[in-house]
Amino acid sequence: MEKVNYTLLCAEAESLIAGVSHPVANLSNLSALLYQTLDRLNWAGFYLREGDVLVLGPFQGRVACIEIPWGKGVCGTAAEKDETQLVPDVHAFPGHIACDGASRSEIVVPLHRFGEVVAVLDIDSPVLNRFSEDDRAGLEAFAAVIEKHLFS
């Protein structure tokens with residue numbers, strides 16, 4: 001597995017979205033950037049909050065669930081608890097929603113606007129224990145770039 005240079009990834013994200021006022025286009029490019037940069041993925045994208053539901057946003061990868069209830073599954077739990085969920089084995093996660101049966105591990109990072117969760121960054125892998133604490137820190141930094149440019 002190739003180690004990801006998250007500093008470079010964040011700089012690339014910044015250069016893609018800084019000064020661009022089209023949120024859907026920006027999130028689309030960011031999901032493509034993640035999908036092309038990180039290895040062993042089957043999904044990288046966003047769910048956007050609409051009331052008490054997370055609704056499918058721009059993504060790369062396999063077909064996905066359209067709505068995820070707040071507090072349900074890995075994405076809904078990350079949103080409700082307002083904390084990154086790093087899940088080595090999704091089948092061991094209580095209440096896991098199997099949008100793609102091929103997914104084995106997942107990391108979900110909440111995204112904020114004025115301190116409130118407005119979306120989540122969701123990344124899935126068909127490999128058990130794919131994501132590390134380095135990935136957590138790097139993807140939280142990536143999320144901070146998104147928040148700075150899209151949700152501030």
# chains A, B, ... in the order shown; residues from 1 in each chain; ligands from 1
$ closest_atom_pairs --of "region 87-149 of chain A" --to "region 13-28 of chain A" --cutoff "9 Å" --atoms "only C-alpha atoms" --output "CSV"
residue,atom,partner,partner_atom,distance
A:Phe142,CA,A:Ala13,CA,7.5
A:Val145,CA,A:Glu14,CA,6.4
A:Ile146,CA,A:Ala13,CA,8.0
A:His149,CA,A:Ala18,CA,6.2
$ select_by_dssp --residues "chain A" --states "helix (DSSP H, G or I)" --output "MDAnalysis selection string"
chainID A and resid 6:17 23:37 73:81 90:92 133:150
$ closest_atom_pairs --of "region 38-71 of chain A" --to "region 95-111 of chain A" --cutoff "12 Å" --atoms "only C-alpha atoms" --output "Markdown table"
| residue | atom | partner | partner_atom | distance |
| --- | --- | --- | --- | --- |
| A:Arg40 | CA | A:Ser105 | CA | 10.4 |
| A:Leu41 | CA | A:Ser103 | CA | 8.7 |
| A:Asn42 | CA | A:Ser103 | CA | 7.1 |
| A:Trp43 | CA | A:Ser103 | CA | 8.5 |
| A:Ala44 | CA | A:Ile107 | CA | 9.8 |
| A:Gly45 | CA | A:Val108 | CA | 9.8 |
| A:Phe46 | CA | A:Val108 | CA | 9.3 |
| A:Tyr47 | CA | A:Pro110 | CA | 9.7 |
| A:Leu48 | CA | A:Leu111 | CA | 9.2 |
| A:Arg49 | CA | A:Leu111 | CA | 9.9 |
| A:Leu54 | CA | A:Pro110 | CA | 11.3 |
| A:Leu56 | CA | A:Cys99 | CA | 11.3 |
| A:Gly61 | CA | A:Asp100 | CA | 10.1 |
| A:Arg62 | CA | A:Asp100 | CA | 7.3 |
| A:Val63 | CA | A:Asp100 | CA | 7.4 |
| A:Ala64 | CA | A:Cys99 | CA | 5.4 |
| A:Cys65 | CA | A:Cys99 | CA | 5.2 |
| A:Ile66 | CA | A:Cys99 | CA | 9.0 |
| A:Glu67 | CA | A:Cys99 | CA | 10.1 |
| A:Ile68 | CA | A:Ile97 | CA | 8.3 |
| A:Pro69 | CA | A:Ile97 | CA | 10.1 |
| A:Gly71 | CA | A:Gly95 | CA | 9.6 |
$ write_last_selection --atoms "C-alpha atoms" --output "compact mmCIF listing (two decimals), in the first residue's frame"
# COMPACT_ATOMS: atom_id res chain seq x y z
CA ARG A 40 -8.06 0.10 -2.68
CA LEU A 41 -11.35 2.05 -2.68
CA ASN A 42 -14.75 1.19 -4.05
CA TRP A 43 -16.43 4.48 -3.07
CA ALA A 44 -15.48 8.06 -2.26
CA GLY A 45 -17.99 10.85 -1.94
CA PHE A 46 -20.36 12.95 0.08
CA TYR A 47 -23.73 12.78 1.77
CA LEU A 48 -25.42 16.15 2.33
CA ARG A 49 -27.74 16.90 5.22
CA LEU A 54 -28.20 12.45 4.72
CA LEU A 56 -26.42 11.18 -1.63
CA GLY A 61 -17.55 4.42 -7.31
CA ARG A 62 -20.31 1.89 -7.08
CA VAL A 63 -24.02 2.62 -6.83
CA ALA A 64 -24.94 3.94 -3.37
CA CYS A 65 -27.82 4.42 -0.96
CA ILE A 66 -29.77 7.60 -1.72
CA GLU A 67 -30.85 8.43 1.84
CA ILE A 68 -29.30 7.57 5.20
CA PRO A 69 -31.24 8.43 8.37
CA GLY A 71 -27.82 8.48 13.51
$ atom_distance --atom1 "CA of Val55 (chain A)" --atom2 "CA of Val118 (chain A)"
10.7 Å
$ residues_around --residues "region 136-140 of chain A" --least-positions-apart "4" --cutoff "7 Å" --atoms "only C-alpha atoms" --output "ChimeraX atom specification"
/A:6,109,132,144
$ select_by_dssp --residues "region 63-124 of chain A" --states "strand (DSSP E)" --output "mmCIF file with N, CA, C and O atoms, in the first residue's frame"
data_model
loop_
_atom_site.group_PDB
_atom_site.id
_atom_site.type_symbol
_atom_site.label_atom_id
_atom_site.label_comp_id
_atom_site.auth_asym_id
_atom_site.auth_seq_id
_atom_site.Cartn_x
_atom_site.Cartn_y
_atom_site.Cartn_z
ATOM 1 N N GLU A 67 -30.605 7.768 0.566
ATOM 2 C CA GLU A 67 -30.848 8.434 1.845
ATOM 3 C C GLU A 67 -30.358 7.569 2.995
ATOM 4 O O GLU A 67 -30.535 6.354 2.997
ATOM 5 N N ILE A 68 -29.739 8.231 3.971
ATOM 6 C CA ILE A 68 -29.303 7.571 5.196
ATOM 7 C C ILE A 68 -29.883 8.363 6.365
ATOM 8 O O ILE A 68 -29.632 9.570 6.487
ATOM 9 N N PRO A 69 -30.660 7.720 7.224
ATOM 10 C CA PRO A 69 -31.235 8.435 8.371
ATOM 11 C C PRO A 69 -30.154 8.921 9.338
ATOM 12 O O PRO A 69 -29.141 8.248 9.542
ATOM 13 N N GLN A 85 -15.681 8.496 12.083
ATOM 14 C CA GLN A 85 -15.853 7.062 12.340
ATOM 15 C C GLN A 85 -14.862 6.307 11.450
ATOM 16 O O GLN A 85 -14.947 6.377 10.229
ATOM 17 N N LEU A 86 -13.896 5.634 12.073
ATOM 18 C CA LEU A 86 -12.934 4.800 11.368
ATOM 19 C C LEU A 86 -13.315 3.363 11.698
ATOM 20 O O LEU A 86 -13.184 2.940 12.845
ATOM 21 N N VAL A 87 -13.816 2.637 10.704
ATOM 22 C CA VAL A 87 -14.393 1.313 10.946
ATOM 23 C C VAL A 87 -13.579 0.255 10.200
ATOM 24 O O VAL A 87 -13.644 0.172 8.973
ATOM 25 N N SER A 105 -14.423 -2.013 4.852
ATOM 26 C CA SER A 105 -14.007 -1.014 5.836
ATOM 27 C C SER A 105 -14.416 0.362 5.335
ATOM 28 O O SER A 105 -14.693 0.545 4.147
ATOM 29 N N GLU A 106 -14.454 1.329 6.276
ATOM 30 C CA GLU A 106 -15.015 2.637 5.931
ATOM 31 C C GLU A 106 -14.462 3.698 6.874
ATOM 32 O O GLU A 106 -14.151 3.413 8.030
ATOM 33 N N ILE A 107 -14.369 4.910 6.351
ATOM 34 C CA ILE A 107 -14.060 6.063 7.183
ATOM 35 C C ILE A 107 -15.009 7.183 6.769
ATOM 36 O O ILE A 107 -15.234 7.409 5.578
ATOM 37 N N VAL A 108 -15.595 7.837 7.767
ATOM 38 C CA VAL A 108 -16.561 8.919 7.521
ATOM 39 C C VAL A 108 -16.164 10.116 8.388
ATOM 40 O O VAL A 108 -15.995 9.976 9.599
ATOM 41 N N VAL A 109 -16.039 11.277 7.729
ATOM 42 C CA VAL A 109 -15.627 12.510 8.409
ATOM 43 C C VAL A 109 -16.753 13.535 8.298
ATOM 44 O O VAL A 109 -17.177 13.866 7.191
ATOM 45 N N PRO A 110 -17.243 14.055 9.431
ATOM 46 C CA PRO A 110 -18.269 15.104 9.383
ATOM 47 C C PRO A 110 -17.716 16.405 8.799
ATOM 48 O O PRO A 110 -16.547 16.742 9.006
ATOM 49 N N LEU A 111 -18.580 17.126 8.092
ATOM 50 C CA LEU A 111 -18.252 18.442 7.542
ATOM 51 C C LEU A 111 -19.185 19.469 8.168
ATOM 52 O O LEU A 111 -20.371 19.195 8.340
ATOM 53 N N HIS A 112 -18.652 20.636 8.482
ATOM 54 C CA HIS A 112 -19.390 21.632 9.275
ATOM 55 C C HIS A 112 -19.560 22.959 8.547
ATOM 56 O O HIS A 112 -18.718 23.349 7.756
ATOM 57 N N ARG A 113 -20.630 23.629 8.898
ATOM 58 C CA ARG A 113 -20.852 25.028 8.530
ATOM 59 C C ARG A 113 -21.329 25.727 9.799
ATOM 60 O O ARG A 113 -22.348 25.324 10.379
ATOM 61 N N GLU A 116 -22.092 23.429 12.747
ATOM 62 C CA GLU A 116 -23.136 22.409 12.609
ATOM 63 C C GLU A 116 -22.766 21.436 11.488
ATOM 64 O O GLU A 116 -22.269 21.848 10.437
ATOM 65 N N VAL A 117 -23.022 20.150 11.707
ATOM 66 C CA VAL A 117 -22.755 19.150 10.669
ATOM 67 C C VAL A 117 -23.733 19.354 9.509
ATOM 68 O O VAL A 117 -24.950 19.337 9.709
ATOM 69 N N VAL A 118 -23.180 19.571 8.311
ATOM 70 C CA VAL A 118 -24.007 19.802 7.126
ATOM 71 C C VAL A 118 -23.794 18.732 6.060
ATOM 72 O O VAL A 118 -24.531 18.683 5.061
ATOM 73 N N ALA A 119 -22.779 17.884 6.257
ATOM 74 C CA ALA A 119 -22.466 16.837 5.280
ATOM 75 C C ALA A 119 -21.466 15.884 5.915
ATOM 76 O O ALA A 119 -20.933 16.153 6.993
ATOM 77 N N VAL A 120 -21.221 14.783 5.223
ATOM 78 C CA VAL A 120 -20.140 13.882 5.614
ATOM 79 C C VAL A 120 -19.351 13.481 4.372
ATOM 80 O O VAL A 120 -19.906 13.376 3.274
ATOM 81 N N LEU A 121 -18.070 13.292 4.575
ATOM 82 C CA LEU A 121 -17.177 12.694 3.588
ATOM 83 C C LEU A 121 -17.126 11.214 3.911
ATOM 84 O O LEU A 121 -16.810 10.843 5.047
ATOM 85 N N ASP A 122 -17.455 10.380 2.942
ATOM 86 C CA ASP A 122 -17.551 8.935 3.159
ATOM 87 C C ASP A 122 -16.623 8.226 2.181
ATOM 88 O O ASP A 122 -16.674 8.491 0.979
ATOM 89 N N ILE A 123 -15.780 7.328 2.702
ATOM 90 C CA ILE A 123 -14.871 6.568 1.855
ATOM 91 C C ILE A 123 -14.951 5.103 2.267
ATOM 92 O O ILE A 123 -14.815 4.771 3.446
ATOM 93 N N ASP A 124 -15.177 4.240 1.274
ATOM 94 C CA ASP A 124 -15.317 2.800 1.502
ATOM 95 C C ASP A 124 -14.219 2.034 0.782
ATOM 96 O O ASP A 124 -13.754 2.454 -0.283
#
$ closest_residue --among "A:Gly73, A:Pro94, A:Gly115, A:Pro88" --to "Glu133 (chain A)" --atoms "only C-alpha atoms"
A:Pro88
$ closest_residue --among "A:Gln60, A:Thr77, A:Ala32, A:Phe114" --to "Phe151 (chain A)" --atoms "only C-alpha atoms"
A:Phe114
